[in-house]
Each structure stands twice: as C-alpha cells, then as structure tokens.
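As stored in protein.json (JSON, C-alpha atoms):
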[["chain", "number", "residue", "atom", "x", "y", "z"],
["G", 1, "MET", "CA", -170.79, -83.75, -104.64],
["G", 2, "SER", "CA", -168.91, -86.49, -102.77],
["G", 3, "ARG", "CA", -165.12, -86.79, -102.82],
["G", 4, "THR", "CA", -162.91, -89.65, -101.63],
["G", 5, "VAL", "CA", -159.21, -89.35, -100.85],
["G", 6, "ALA", "CA", -156.45, -91.66, -99.66],
["G", 7, "ALA", "CA", -153.44, -90.63, -97.60],
["G", 8, "VAL", "CA", -150.43, -92.90, -97.24],
["G", 9, "ASP", "CA", -147.82, -92.11, -94.59],
["G", 10, "CYS", "CA", -144.64, -94.09, -95.17],
["G", 11, "GLY", "CA", -142.29, -93.83, -92.22],
["G", 12, "THR", "CA", -139.11, -95.57, -91.14],
["G", 13, "ASN", "CA", -140.97, -98.38, -89.37],
["G", 14, "SER", "CA", -144.61, -98.31, -90.48],
["G", 15, "VAL", "CA", -146.73, -97.70, -93.58],
["G", 16, "ARG", "CA", -150.24, -96.39, -92.92],
["G", 17, "LEU", "CA", -153.31, -95.73, -95.02],
["G", 18, "LEU", "CA", -156.36, -93.54, -94.34],
["G", 19, "VAL", "CA", -159.28, -93.25, -96.77],
["G", 20, "LEU", "CA", -161.83, -90.49, -96.14],
["G", 21, "GLU", "CA", -165.03, -89.65, -98.01],
["G", 22, "ARG", "CA", -166.72, -86.25, -97.87],
["G", 23, "HIS", "CA", -170.38, -86.63, -98.67],
["G", 24, "GLY", "CA", -172.49, -84.05, -100.50],
["G", 25, "ASP", "CA", -173.79, -82.69, -97.18],
["G", 26, "GLY", "CA", -170.24, -82.02, -95.99],
["G", 27, "GLU", "CA", -170.08, -84.94, -93.55],
["G", 28, "VAL", "CA", -166.73, -86.75, -93.54],
["G", 29, "GLU", "CA", -166.68, -90.52, -93.19],
["G", 30, "GLU", "CA", -163.62, -92.68, -92.44],
["G", 31, "LEU", "CA", -163.77, -95.61, -94.85],
["G", 32, "THR", "CA", -160.65, -97.45, -93.76],
["G", 33, "ARG", "CA", -157.55, -96.93, -91.63],
["G", 34, "GLN", "CA", -154.71, -99.44, -91.87],
["G", 35, "THR", "CA", -151.24, -99.83, -90.34],
["G", 36, "ARG", "CA", -148.55, -102.28, -91.42],
["G", 37, "LEU", "CA", -145.02, -102.59, -90.09],
["G", 38, "ALA", "CA", -142.46, -102.78, -92.90],
["G", 39, "ARG", "CA", -139.32, -101.26, -91.35],
["G", 40, "LEU", "CA", -138.37, -99.46, -94.54],
["G", 41, "GLY", "CA", -135.54, -97.78, -92.65],
["G", 42, "GLN", "CA", -133.72, -101.06, -91.95],
["G", 43, "GLY", "CA", -129.99, -100.33, -92.10],
["G", 44, "VAL", "CA", -130.43, -96.85, -93.64],
["G", 45, "ASP", "CA", -128.54, -95.13, -90.83],
["G", 46, "ALA", "CA", -125.47, -97.31, -91.48],
["G", 47, "THR", "CA", -125.58, -97.82, -95.27],
["G", 48, "GLY", "CA", -127.37, -94.76, -96.62],
["G", 49, "GLU", "CA", -129.63, -96.88, -98.84],
["G", 50, "PHE", "CA", -132.81, -98.94, -98.67],
["G", 51, "HIS", "CA", -132.21, -102.63, -98.03],
["G", 52, "PRO", "CA", -133.74, -104.94, -100.69],
["G", 53, "GLU", "CA", -135.69, -106.84, -98.03],
["G", 54, "ALA", "CA", -137.10, -103.58, -96.62],
["G", 55, "LEU", "CA", -138.23, -102.52, -100.11],
["G", 56, "GLU", "CA", -139.82, -105.94, -100.66],
["G", 57, "ARG", "CA", -141.78, -105.68, -97.39],
["G", 58, "THR", "CA", -142.87, -102.14, -98.17],
["G", 59, "PHE", "CA", -143.98, -102.94, -101.73],
["G", 60, "ALA", "CA", -146.01, -105.91, -100.44],
["G", 61, "VAL", "CA", -147.88, -103.49, -98.16],
["G", 62, "LEU", "CA", -148.43, -101.07, -101.05],
["G", 63, "ASP", "CA", -149.86, -103.89, -103.21],
["G", 64, "GLU", "CA", -152.42, -104.47, -100.46],
["G", 65, "TYR", "CA", -153.16, -100.75, -100.15],
["G", 66, "ALA", "CA", -153.57, -100.39, -103.92],
["G", 67, "ASP", "CA", -156.39, -102.94, -103.78],
["G", 68, "LEU", "CA", -158.10, -101.04, -100.95],
["G", 69, "ILE", "CA", -157.75, -97.71, -102.79],
["G", 70, "ALA", "CA", -159.30, -99.22, -105.91],
["G", 71, "GLU", "CA", -162.06, -100.84, -103.87],
["G", 72, "HIS", "CA", -163.09, -97.48, -102.41],
["G", 73, "GLY", "CA", -163.03, -95.61, -105.74],
["G", 74, "VAL", "CA", -160.59, -92.98, -104.50],
["G", 75, "ASP", "CA", -160.44, -89.67, -106.41],
["G", 76, "ASP", "CA", -157.04, -88.49, -105.17],
["G", 77, "VAL", "CA", -154.04, -90.09, -103.45],
["G", 78, "ARG", "CA", -151.12, -88.49, -101.64],
["G", 79, "PHE", "CA", -148.11, -90.58, -100.68],
["G", 80, "VAL", "CA", -145.93, -88.93, -98.05],
["G", 81, "ALA", "CA", -142.54, -90.27, -97.00],
["G", 82, "THR", "CA", -140.60, -88.94, -94.04],
["G", 83, "SER", "CA", -137.27, -89.53, -92.34],
["G", 84, "ALA", "CA", -136.00, -92.76, -93.96],
["G", 85, "ALA", "CA", -136.58, -91.54, -97.51],
["G", 86, "ARG", "CA", -134.69, -88.28, -96.91],
["G", 87, "ASP", "CA", -131.45, -90.11, -96.26],
["G", 88, "VAL", "CA", -131.04, -92.66, -99.06],
["G", 89, "SER", "CA", -129.00, -92.91, -102.25],
["G", 90, "ASN", "CA", -131.38, -95.37, -104.01],
["G", 91, "ARG", "CA", -134.55, -93.33, -103.62],
["G", 92, "ASP", "CA", -135.31, -93.75, -107.33],
["G", 93, "VAL", "CA", -135.96, -97.49, -106.82],
["G", 94, "PHE", "CA", -138.39, -96.70, -104.03],
["G", 95, "GLU", "CA", -140.15, -93.96, -106.00],
["G", 96, "SER", "CA", -140.49, -96.18, -109.06],
["G", 97, "GLY", "CA", -142.02, -98.95, -106.94],
["G", 98, "VAL", "CA", -144.54, -96.56, -105.41],
["G", 99, "ARG", "CA", -145.57, -95.14, -108.77],
["G", 100, "ASP", "CA", -145.98, -98.62, -110.29],
["G", 101, "ARG", "CA", -148.35, -99.64, -107.49],
["G", 102, "LEU", "CA", -150.26, -96.46, -106.63],
["G", 103, "GLY", "CA", -149.87, -94.30, -109.73],
["G", 104, "VAL", "CA", -148.57, -91.30, -107.78],
["G", 105, "GLY", "CA", -145.22, -89.75, -106.95],
["G", 106, "VAL", "CA", -143.56, -89.70, -103.55],
["G", 107, "ASP", "CA", -143.72, -86.51, -101.50],
["G", 108, "VAL", "CA", -140.55, -86.62, -99.38],
["G", 109, "ILE", "CA", -141.54, -83.87, -96.96],
["G", 110, "SER", "CA", -139.23, -81.72, -94.87],
["G", 111, "GLY", "CA", -139.12, -81.82, -91.09],
["G", 112, "ASP", "CA", -140.99, -78.51, -90.99],
["G", 113, "GLU", "CA", -143.77, -79.82, -93.23],
["G", 114, "GLU", "CA", -143.95, -83.00, -91.16],
["G", 115, "ALA", "CA", -144.34, -80.88, -88.01],
["G", 116, "ARG", "CA", -147.11, -78.77, -89.55],
["G", 117, "LEU", "CA", -149.13, -81.72, -90.82],
["G", 118, "SER", "CA", -148.66, -83.65, -87.59],
["G", 119, "SER", "CA", -149.86, -80.80, -85.37],
["G", 120, "ALA", "CA", -152.88, -80.17, -87.62],
["G", 121, "GLY", "CA", -153.84, -83.83, -87.45],
["G", 122, "VAL", "CA", -153.38, -84.07, -83.68],
["G", 123, "LEU", "CA", -155.36, -80.95, -82.88],
["G", 124, "SER", "CA", -158.25, -82.20, -84.98],
["G", 125, "GLY", "CA", -158.78, -84.94, -82.40],
["G", 126, "VAL", "CA", -157.47, -83.71, -79.04],
["G", 127, "THR", "CA", -158.24, -80.68, -76.89],
["G", 128, "SER", "CA", -155.58, -79.56, -74.41],
["G", 129, "PRO", "CA", -154.38, -76.42, -72.56],
["G", 130, "ARG", "CA", -151.98, -74.16, -74.45],
["G", 131, "PRO", "CA", -149.15, -73.90, -75.00],
["G", 132, "THR", "CA", -149.01, -77.58, -75.83],
["G", 133, "LEU", "CA", -146.10, -79.72, -76.96],
["G", 134, "ILE", "CA", -146.95, -82.20, -79.70],
["G", 135, "PHE", "CA", -144.32, -84.83, -80.35],
["G", 136, "ASP", "CA", -144.11, -87.65, -82.86],
["G", 137, "ILE", "CA", -141.57, -90.40, -82.20],
["G", 138, "GLY", "CA", -140.95, -92.13, -85.50],
["G", 139, "GLY", "CA", -138.48, -94.76, -86.62],
["G", 140, "GLY", "CA", -135.86, -92.34, -87.91],
["G", 141, "SER", "CA", -136.72, -88.99, -86.38],
["G", 142, "THR", "CA", -138.70, -87.26, -83.64],
["G", 143, "GLU", "CA", -140.68, -84.09, -84.26],
["G", 144, "LEU", "CA", -141.25, -81.58, -81.45],
["G", 145, "VAL", "CA", -143.88, -78.88, -82.07],
["G", 146, "VAL", "CA", -145.09, -76.28, -79.57],
["G", 147, "VAL", "CA", -148.49, -74.75, -80.38],
["G", 148, "GLY", "CA", -149.61, -71.51, -78.72],
["G", 149, "SER", "CA", -153.04, -70.27, -77.63],
["G", 150, "ASP", "CA", -153.85, -68.88, -81.08],
["G", 151, "GLU", "CA", -153.04, -72.23, -82.77],
["G", 152, "ARG", "CA", -149.80, -70.67, -84.02],
["G", 153, "ILE", "CA", -146.73, -72.89, -84.11],
["G", 154, "VAL", "CA", -144.33, -71.35, -81.60],
["G", 155, "SER", "CA", -141.46, -73.72, -82.36],
["G", 156, "ALA", "CA", -140.90, -76.85, -84.43],
["G", 157, "ILE", "CA", -137.91, -79.09, -84.96],
["G", 158, "SER", "CA", -137.16, -82.53, -86.35],
["G", 159, "LEU", "CA", -134.43, -84.44, -84.52],
["G", 160, "ASP", "CA", -132.48, -87.41, -85.86],
["G", 161, "ILE", "CA", -133.55, -89.63, -82.98],
["G", 162, "GLY", "CA", -136.06, -92.37, -83.74],
["G", 163, "ALA", "CA", -136.76, -95.89, -82.52],
["G", 164, "VAL", "CA", -135.07, -97.65, -85.45],
["G", 165, "ARG", "CA", -132.14, -95.23, -85.62],
["G", 166, "ILE", "CA", -131.34, -95.48, -81.89],
["G", 167, "LYS", "CA", -131.78, -99.26, -81.87],
["G", 168, "GLU", "CA", -129.44, -99.82, -84.81],
["G", 169, "ARG", "CA", -126.84, -97.26, -83.77],
["G", 170, "PHE", "CA", -126.61, -97.90, -80.03],
["G", 171, "LEU", "CA", -128.44, -101.07, -78.94],
["G", 172, "PRO", "CA", -127.13, -104.03, -81.01],
["G", 173, "THR", "CA", -127.04, -106.55, -78.15],
["G", 174, "GLU", "CA", -130.14, -108.53, -77.10],
["G", 175, "PRO", "CA", -130.94, -107.41, -74.48],
["G", 176, "PRO", "CA", -128.76, -104.28, -74.60],
["G", 177, "THR", "CA", -125.90, -103.96, -72.15],
["G", 178, "PRO", "CA", -125.90, -101.22, -69.47],
["G", 179, "ALA", "CA", -123.11, -99.44, -71.39],
["G", 180, "GLU", "CA", -125.14, -99.49, -74.62],
["G", 181, "THR", "CA", -128.23, -98.22, -72.83],
["G", 182, "SER", "CA", -126.26, -95.47, -71.14],
["G", 183, "ALA", "CA", -124.72, -94.32, -74.45],
["G", 184, "ALA", "CA", -128.12, -94.32, -76.17],
["G", 185, "ARG", "CA", -129.75, -92.34, -73.38],
["G", 186, "ALA", "CA", -126.91, -89.80, -73.36],
["G", 187, "PHE", "CA", -127.25, -89.29, -77.12],
["G", 188, "VAL", "CA", -131.03, -88.83, -76.89],
["G", 189, "ASN", "CA", -130.65, -86.32, -74.07],
["G", 190, "ALA", "CA", -127.98, -84.38, -75.95],
["G", 191, "GLN", "CA", -130.33, -84.08, -78.94],
["G", 192, "LEU", "CA", -133.23, -82.95, -76.75],
["G", 193, "ASP", "CA", -131.01, -80.46, -74.87],
["G", 194, "ALA", "CA", -129.95, -78.87, -78.16],
["G", 195, "SER", "CA", -133.47, -78.83, -79.67],
["G", 196, "GLY", "CA", -134.31, -75.29, -78.55],
["G", 197, "THR", "CA", -137.68, -76.52, -77.26],
["G", 198, "ASP", "CA", -138.88, -74.81, -74.06],
["G", 199, "PHE", "CA", -140.18, -77.93, -72.32],
["G", 200, "ALA", "CA", -140.64, -76.12, -68.99],
["G", 201, "ALA", "CA", -143.09, -73.62, -70.50],
["G", 202, "VAL", "CA", -145.71, -76.04, -71.85],
["G", 203, "ALA", "CA", -149.08, -76.45, -70.14],
["G", 204, "SER", "CA", -149.78, -79.84, -71.72],
["G", 205, "SER", "CA", -148.20, -82.41, -74.00],
["G", 206, "ILE", "CA", -149.58, -84.79, -76.61],
["G", 207, "GLY", "CA", -147.70, -87.83, -77.90],
["G", 208, "VAL", "CA", -148.44, -89.63, -81.17],
["G", 209, "ALA", "CA", -147.29, -92.55, -83.33],
["G", 210, "GLY", "CA", -146.50, -96.21, -82.76],
["G", 211, "THR", "CA", -144.11, -96.00, -79.82],
["G", 212, "VAL", "CA", -146.48, -93.86, -77.76],
["G", 213, "THR", "CA", -149.61, -95.85, -78.62],
["G", 214, "SER", "CA", -147.79, -99.14, -77.95],
["G", 215, "VAL", "CA", -146.75, -97.95, -74.49],
["G", 216, "ALA", "CA", -150.35, -96.90, -73.82],
["G", 217, "ALA", "CA", -151.75, -100.26, -74.96],
["G", 218, "ASP", "CA", -149.23, -102.07, -72.74],
["G", 219, "HIS", "CA", -150.12, -99.83, -69.80],
["G", 220, "LEU", "CA", -153.84, -100.54, -70.30],
["G", 221, "ASN", "CA", -153.19, -104.31, -70.45],
["G", 222, "LEU", "CA", -155.29, -104.60, -73.61],
["G", 223, "ALA", "CA", -155.95, -108.11, -74.90],
["G", 224, "THR", "CA", -156.41, -106.75, -78.41],
["G", 225, "TYR", "CA", -155.50, -103.34, -79.72],
["G", 226, "SER", "CA", -158.25, -100.73, -79.45],
["G", 227, "ARG", "CA", -157.80, -97.33, -81.05],
["G", 228, "ASP", "CA", -160.70, -95.95, -79.01],
["G", 229, "ALA", "CA", -159.23, -97.22, -75.72],
["G", 230, "VAL", "CA", -155.77, -95.83, -76.45],
["G", 231, "HIS", "CA", -156.89, -92.40, -77.68],
["G", 232, "GLY", "CA", -156.90, -89.90, -74.81],
["G", 233, "THR", "CA", -155.02, -92.16, -72.39],
["G", 234, "ILE", "CA", -152.90, -90.30, -69.82],
["G", 235, "LEU", "CA", -149.40, -91.74, -69.46],
["G", 236, "THR", "CA", -147.29, -90.75, -66.47],
["G", 237, "LEU", "CA", -143.51, -90.76, -66.39],
["G", 238, "ALA", "CA", -143.63, -93.58, -63.81],
["G", 239, "ALA", "CA", -145.64, -95.79, -66.17],
["G", 240, "ILE", "CA", -143.35, -94.99, -69.11],
["G", 241, "ASP", "CA", -140.18, -95.66, -67.11],
["G", 242, "GLU", "CA", -141.57, -99.00, -65.92],
["G", 243, "ALA", "CA", -142.26, -100.15, -69.46],
["G", 244, "ASN", "CA", -138.97, -98.81, -70.83],
["G", 245, "LEU", "CA", -136.82, -100.48, -68.19],
["G", 246, "ARG", "CA", -138.72, -103.76, -68.56],
["G", 247, "TRP", "CA", -138.24, -103.84, -72.32],
["G", 248, "LEU", "CA", -134.57, -102.91, -72.10],
["G", 249, "GLU", "CA", -134.04, -106.05, -70.02],
["G", 250, "GLN", "CA", -135.68, -108.31, -72.62],
["G", 251, "THR", "CA", -134.86, -109.71, -76.05],
["G", 252, "THR", "CA", -137.02, -108.98, -79.08],
["G", 253, "GLU", "CA", -138.41, -112.51, -78.88],
["G", 254, "GLN", "CA", -139.43, -112.03, -75.24],
["G", 255, "ILE", "CA", -141.08, -108.67, -75.96],
["G", 256, "ALA", "CA", -142.90, -110.11, -79.00],
["G", 257, "ALA", "CA", -144.62, -112.66, -76.74],
["G", 258, "ASN", "CA", -147.07, -109.77, -76.22],
["G", 259, "PRO", "CA", -149.42, -110.02, -79.25],
["G", 260, "LEU", "CA", -149.73, -106.22, -79.29],
["G", 261, "LEU", "CA", -145.99, -105.95, -80.02],
["G", 262, "PRO", "CA", -145.18, -107.85, -83.24],
["G", 263, "PRO", "CA", -141.49, -108.53, -83.98],
["G", 264, "LEU", "CA", -140.78, -105.39, -86.04],
["G", 265, "ARG", "CA", -142.24, -103.22, -83.26],
["G", 266, "ALA", "CA", -140.80, -105.34, -80.44],
["G", 267, "ALA", "CA", -137.29, -104.94, -81.91],
["G", 268, "VAL", "CA", -137.33, -101.16, -81.48],
["G", 269, "ILE", "CA", -139.77, -100.48, -78.61],
["G", 270, "GLY", "CA", -136.98, -100.33, -76.02],
["G", 271, "ALA", "CA", -135.29, -97.54, -77.98],
["G", 272, "GLY", "CA", -138.57, -95.77, -78.73],
["G", 273, "SER", "CA", -139.80, -95.83, -75.16],
["G", 274, "MET", "CA", -136.41, -94.50, -74.04],
["G", 275, "ILE", "CA", -136.92, -91.42, -76.24],
["G", 276, "LEU", "CA", -140.45, -91.08, -74.84],
["G", 277, "ALA", "CA", -139.23, -91.27, -71.24],
["G", 278, "GLU", "CA", -136.56, -88.61, -71.75],
["G", 279, "ILE", "CA", -139.07, -86.21, -73.34],
["G", 280, "VAL", "CA", -141.61, -86.66, -70.52],
["G", 281, "ARG", "CA", -138.87, -86.28, -67.89],
["G", 282, "ARG", "CA", -138.49, -82.67, -69.07],
["G", 283, "LEU", "CA", -142.18, -81.77, -68.76],
["G", 284, "PRO", "CA", -143.49, -79.90, -65.70],
["G", 285, "ALA", "CA", -146.49, -82.24, -65.34],
["G", 286, "ARG", "CA", -144.45, -85.42, -65.98],
["G", 287, "LYS", "CA", -147.35, -86.84, -68.01],
["G", 288, "ILE", "CA", -148.76, -86.80, -71.55],
["G", 289, "ILE", "CA", -152.00, -87.31, -73.46],
["G", 290, "VAL", "CA", -151.90, -90.09, -76.06],
["G", 291, "SER", "CA", -153.43, -89.25, -79.43],
["G", 292, "GLU", "CA", -154.46, -91.60, -82.21],
["G", 293, "SER", "CA", -155.01, -88.64, -84.54],
["G", 294, "ASP", "CA", -151.71, -87.58, -86.08],
["G", 295, "ILE", "CA", -149.92, -86.72, -89.32],
["G", 296, "LEU", "CA", -151.98, -89.24, -91.29],
["G", 297, "ASP", "CA", -155.15, -87.34, -90.37],
["G", 298, "GLY", "CA", -153.48, -84.05, -91.27],
["G", 299, "ILE", "CA", -152.49, -85.33, -94.72],
["G", 300, "ALA", "CA", -155.95, -86.76, -95.48],
["G", 301, "GLN", "CA", -157.88, -83.71, -94.23],
["G", 302, "GLU", "CA", -155.71, -81.32, -96.23],
["G", 303, "LEU", "CA", -156.17, -83.47, -99.32],
["G", 304, "LEU", "CA", -159.93, -83.51, -98.79],
["G", 305, "ALA", "CA", -160.02, -79.71, -98.52],
["G", 306, "ARG", "CA", -158.46, -79.18, -101.98]]

Represent the supplied structure as structure tokens.
Amino acid sequence: MSRTVAAVDCGTNSVRLLVLERHGDGEVEELTRQTRLARLGQGVDATGEFHPEALERTFAVLDEYADLIAEHGVDDVRFVATSAARDVSNRDVFESGVRDRLGVGVDVISGDEEARLSSAGVLSGVTSPRPTLIFDIGGGSTELVVVGSDERIVSAISLDIGAVRIKERFLPTEPPTPAETSAARAFVNAQLDASGTDFAAVASSIGVAGTVTSVAADHLNLATYSRDAVHGTILTLAAIDEANLRWLEQTTEQIAANPLLPPLRAAVIGAGSMILAEIVRRLPARKIIVSESDILDGIAQELLAR
C-alpha cells in the first residue's frame, strides 16, 4: 500500500517542503522539494517576537505549500519549527496561522531533537569516515553533532549563533566595519570554544543548510543552482575564507547581484560564511563535504516509517 508524506522545516531564514511517496513495493519517490526564503526570524533576537512582515512572508509560503500538499494527496504532514520559534512571545499567532493553512500543529523541537533529525537525514545521503562532525548553520542557531563509528551520537549541541542572529546583533552597517566584523568573529569563536565539541578528533566533517550550499554554489561558479552539483562538493578553508572576506566587503545589494544569492540570503551570507569559516578553521583537514540531504530528509523519512 502506498503512503505519501510531507515534511515542512521552518527555520529562521528559510521554509522548506519535502513530499515523499513510498510505493507498494517499498520504493521511495521524491515528489517535490521546495525552498523559500521568508526570514521568519527577522528582529526576533532584539524584540523577542515575530515581526508582522515576517509572519506575512511565511504565511504566503505556507499558502503555496498547502496547494502542493493537496495536489500530491498527502496522507500525513509534519511541520517542524526550530530556533526562531523557540524564542518568541507571540508564538500563538504563528501556530494559528500554520494550523489554518496546513491543518496541523507546530512541532517546536529542541536542539537535541534537531541534532538527531539532522544527522539522520545527512547520513542517509553522504558516506564519510568516522568519527564525523555534522553541522547545520541556520538563521538563529548552529547545531554541531559528532557521530561515531557505530552511528552513535557522541556529542550534540545547539549554539545560539546563526546567520540572521549574528547579522542583526553584530553587523548592522553595510558593509560591516572592521570593528563590527571583529566583534562578531570573537563572539562566534567564544561560542565554538565553549561548545564542548572535540573538533581535533574528527576524521571528516559534513556541512548542511543554506549558508553551506550557497558557499558551494558560489565556489562552483554555477549559472543556476543545481542540487546535484552542490551535493558532495569539497570546500576547503581557503575557498570559504575567500568568499567570506569578499562578502564582508560588500553591501547586500552588491552580493544580491549574484542570482544565486537573493536579497534575504545575501543580507546574511557574510555572517553565515563567517560561522562556517570559524568551524572549518578548527578541523584537522581544514575542509568539509557539502550535503544537500539534511534535517528535512530526516523528518520526512521518519514520518514515512510510521
């Protein structure tokens, strides 16, 4: 008997949809995979609540996704929200809007749950030597997960450093001043130093989510975004530093001249790539594997297995 599920991952910067169908013979087919930038976390770090414009953008995306979910005759939907939704006082408005559009509640998952789902999704699509560090740089937080040789999670932590959070807190000027950049980098490094993650012990590292894939697409000089081209790309620290320093010297408008970096991504890519650079600087190999499989895949596959 076939079964179709939809997973929605609502982060601080992006809202993503994955619809999978398991056929009667057990084969799993990907019916659609969508990403929209909504920047739900706009201003959350400063105000502690969702901005009306951010909610409007997010609900517009969910209206579109509701049509796709109906089109594919989905049997079950799970809506997962991460960092931004943990921190707000007006979460009820957000949850009501989600339920009105998708007919389901909002699962505001913990950092530990986010780490578990992310690692499961990544390892479904990437093979690497163990122990491996899997990291997910989001808009509001960054998850660091170390997986051992027996697929056991050795350590996992969610840090309050993300592309939107660092941009809004430390990099208000366009382009940021050297003092702003220095303060942001010091804060990121302090968070990483206190994370308890044994960076020196890992044999490989896998990076996921929009910051990492955007750096990879830029490095590959893609004319149009290609998930297949980006997946499995090796990014060295030198390549990451080059991109990070270039973007930190540009305004959002200048960065957004690249069609692969729309304004909502361009506004925070300097901050995001800074976090990426400081993680990779700690790794023995000074390089990472880029993965297009991530928490969204983990959510959908777990839902399909129910």

Counting all atoms listed in the file, give me one row per residue of segment 159-218 of chain G with an atom at most 9 Å from an atom of segment 42-56 of chain G, showing the shortest contact pair and its distance in Å to one decimal, sorted by chain then residue number, as CSV.
residue,atom,partner,partner_atom,distance
G:Val164,CA,G:Gln42,CA,7.5
G:Arg165,CA,G:Asp45,CA,6.3
G:Glu168,CA,G:Gly43,CA,7.3
G:Arg169,CA,G:Asp45,CA,7.6

For the point (-153.0, -85.3, -68.1) in file coordinates, what residues are within 7 Å, counting only C-alpha atoms? Give the answer as a list in words?
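Protein and nucleic acid residues near the point are Ile234, Lys287, Ile288 and Ile289 of chain G.
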
Resulting file, chosen residues, C-alpha atoms, as a compact mmCIF listing (two decimals), keeping the file's coordinate frame:
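File out02.txt, as written:
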# COMPACT_ATOMS: atom_id res chain seq x y z
CA ILE G 234 -152.90 -90.30 -69.82
CA LYS G 287 -147.35 -86.84 -68.01
CA ILE G 288 -148.76 -86.80 -71.55
CA ILE G 289 -152.00 -87.31 -73.46

Distance criterion (all atoms listed in the file): nearest to Glu27 of chain G out of G:Ser110, G:Ser204, G:Ala243, G:Met1:
G:Met1

Residues within 6 Å of Ala6 of chain G, please, as a compact mmCIF listing (two decimals) with C-alpha atoms, in the coordinates of the input. Count all atoms listed in the file; anything in the same chain fewer than 3 positions from it doesn't count.
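Contents of selection29.txt, freshly written:
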# COMPACT_ATOMS: atom_id res chain seq x y z
CA LEU G 18 -156.36 -93.54 -94.34
CA VAL G 19 -159.28 -93.25 -96.77
CA VAL G 77 -154.04 -90.09 -103.45

Just the residues within 7 Å of segment 117-133 of chain G, please, counting only C-alpha atoms, with nothing from its chain fewer than 4 positions along; format it as a ChimeraX atom specification.
/G:113,144-149,202-206,291,293-299

If you measure from atom CA of Ala217 of chain G to atom CA of Pro262 of chain G, what distance in Å do you get, rounded to one decimal?
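Atom CA of Pro262 of chain G lies 13.0 Å from atom CA of Ala217 of chain G.
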
Atom-to-atom span, atom CA of Gln250 of chain G and atom CA of Leu276 of chain G, Å
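Taking atom CA of Gln250 of chain G as the start and atom CA of Leu276 of chain G as the end point, the length is 18.0 Å.
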
How about completing segment 157-170 of chain G with N, CA and C atoms and giving it to me as a PDB file, in the frame of the given file?
ATOM      1  N   ILE G 157    -139.211 -78.555 -84.567  1.00  0.00           N
ATOM      2  CA  ILE G 157    -137.910 -79.090 -84.960  1.00  0.00           C
ATOM      3  C   ILE G 157    -138.032 -80.587 -85.178  1.00  0.00           C
ATOM      4  N   SER G 158    -137.258 -81.097 -86.108  1.00  0.00           N
ATOM      5  CA  SER G 158    -137.160 -82.530 -86.350  1.00  0.00           C
ATOM      6  C   SER G 158    -135.770 -82.979 -85.936  1.00  0.00           C
ATOM      7  N   LEU G 159    -135.704 -83.940 -85.033  1.00  0.00           N
ATOM      8  CA  LEU G 159    -134.430 -84.440 -84.520  1.00  0.00           C
ATOM      9  C   LEU G 159    -134.138 -85.827 -85.086  1.00  0.00           C
ATOM     10  N   ASP G 160    -132.877 -86.106 -85.324  1.00  0.00           N
ATOM     11  CA  ASP G 160    -132.480 -87.410 -85.860  1.00  0.00           C
ATOM     12  C   ASP G 160    -132.382 -88.454 -84.749  1.00  0.00           C
ATOM     13  N   ILE G 161    -133.444 -88.549 -83.972  1.00  0.00           N
ATOM     14  CA  ILE G 161    -133.550 -89.630 -82.980  1.00  0.00           C
ATOM     15  C   ILE G 161    -134.895 -90.312 -83.214  1.00  0.00           C
ATOM     16  N   GLY G 162    -134.857 -91.586 -83.526  1.00  0.00           N
ATOM     17  CA  GLY G 162    -136.060 -92.370 -83.740  1.00  0.00           C
ATOM     18  C   GLY G 162    -135.814 -93.777 -83.239  1.00  0.00           C
ATOM     19  N   ALA G 163    -136.873 -94.562 -83.115  1.00  0.00           N
ATOM     20  CA  ALA G 163    -136.760 -95.890 -82.520  1.00  0.00           C
ATOM     21  C   ALA G 163    -135.823 -96.803 -83.298  1.00  0.00           C
ATOM     22  N   VAL G 164    -135.941 -96.791 -84.631  1.00  0.00           N
ATOM     23  CA  VAL G 164    -135.070 -97.650 -85.450  1.00  0.00           C
ATOM     24  C   VAL G 164    -133.639 -97.133 -85.430  1.00  0.00           C
ATOM     25  N   ARG G 165    -133.486 -95.823 -85.573  1.00  0.00           N
ATOM     26  CA  ARG G 165    -132.140 -95.230 -85.620  1.00  0.00           C
ATOM     27  C   ARG G 165    -131.366 -95.484 -84.326  1.00  0.00           C
ATOM     28  N   ILE G 166    -132.019 -95.277 -83.179  1.00  0.00           N
ATOM     29  CA  ILE G 166    -131.340 -95.480 -81.890  1.00  0.00           C
ATOM     30  C   ILE G 166    -131.053 -96.954 -81.659  1.00  0.00           C
ATOM     31  N   LYS G 167    -131.995 -97.823 -82.015  1.00  0.00           N
ATOM     32  CA  LYS G 167    -131.780 -99.260 -81.870  1.00  0.00           C
ATOM     33  C   LYS G 167    -130.561 -99.710 -82.672  1.00  0.00           C
ATOM     34  N   GLU G 168    -130.517 -99.332 -83.945  1.00  0.00           N
ATOM     35  CA  GLU G 168    -129.440 -99.820 -84.810  1.00  0.00           C
ATOM     36  C   GLU G 168    -128.092 -99.197 -84.469  1.00  0.00           C
ATOM     37  N   ARG G 169    -128.104 -97.950 -84.031  1.00  0.00           N
ATOM     38  CA  ARG G 169    -126.840 -97.260 -83.770  1.00  0.00           C
ATOM     39  C   ARG G 169    -126.247 -97.597 -82.405  1.00  0.00           C
ATOM     40  N   PHE G 170    -127.119 -97.793 -81.400  1.00  0.00           N
ATOM     41  CA  PHE G 170    -126.610 -97.900 -80.030  1.00  0.00           C
ATOM     42  C   PHE G 170    -126.943 -99.204 -79.305  1.00  0.00           C
TER      43      PHE G 170
END
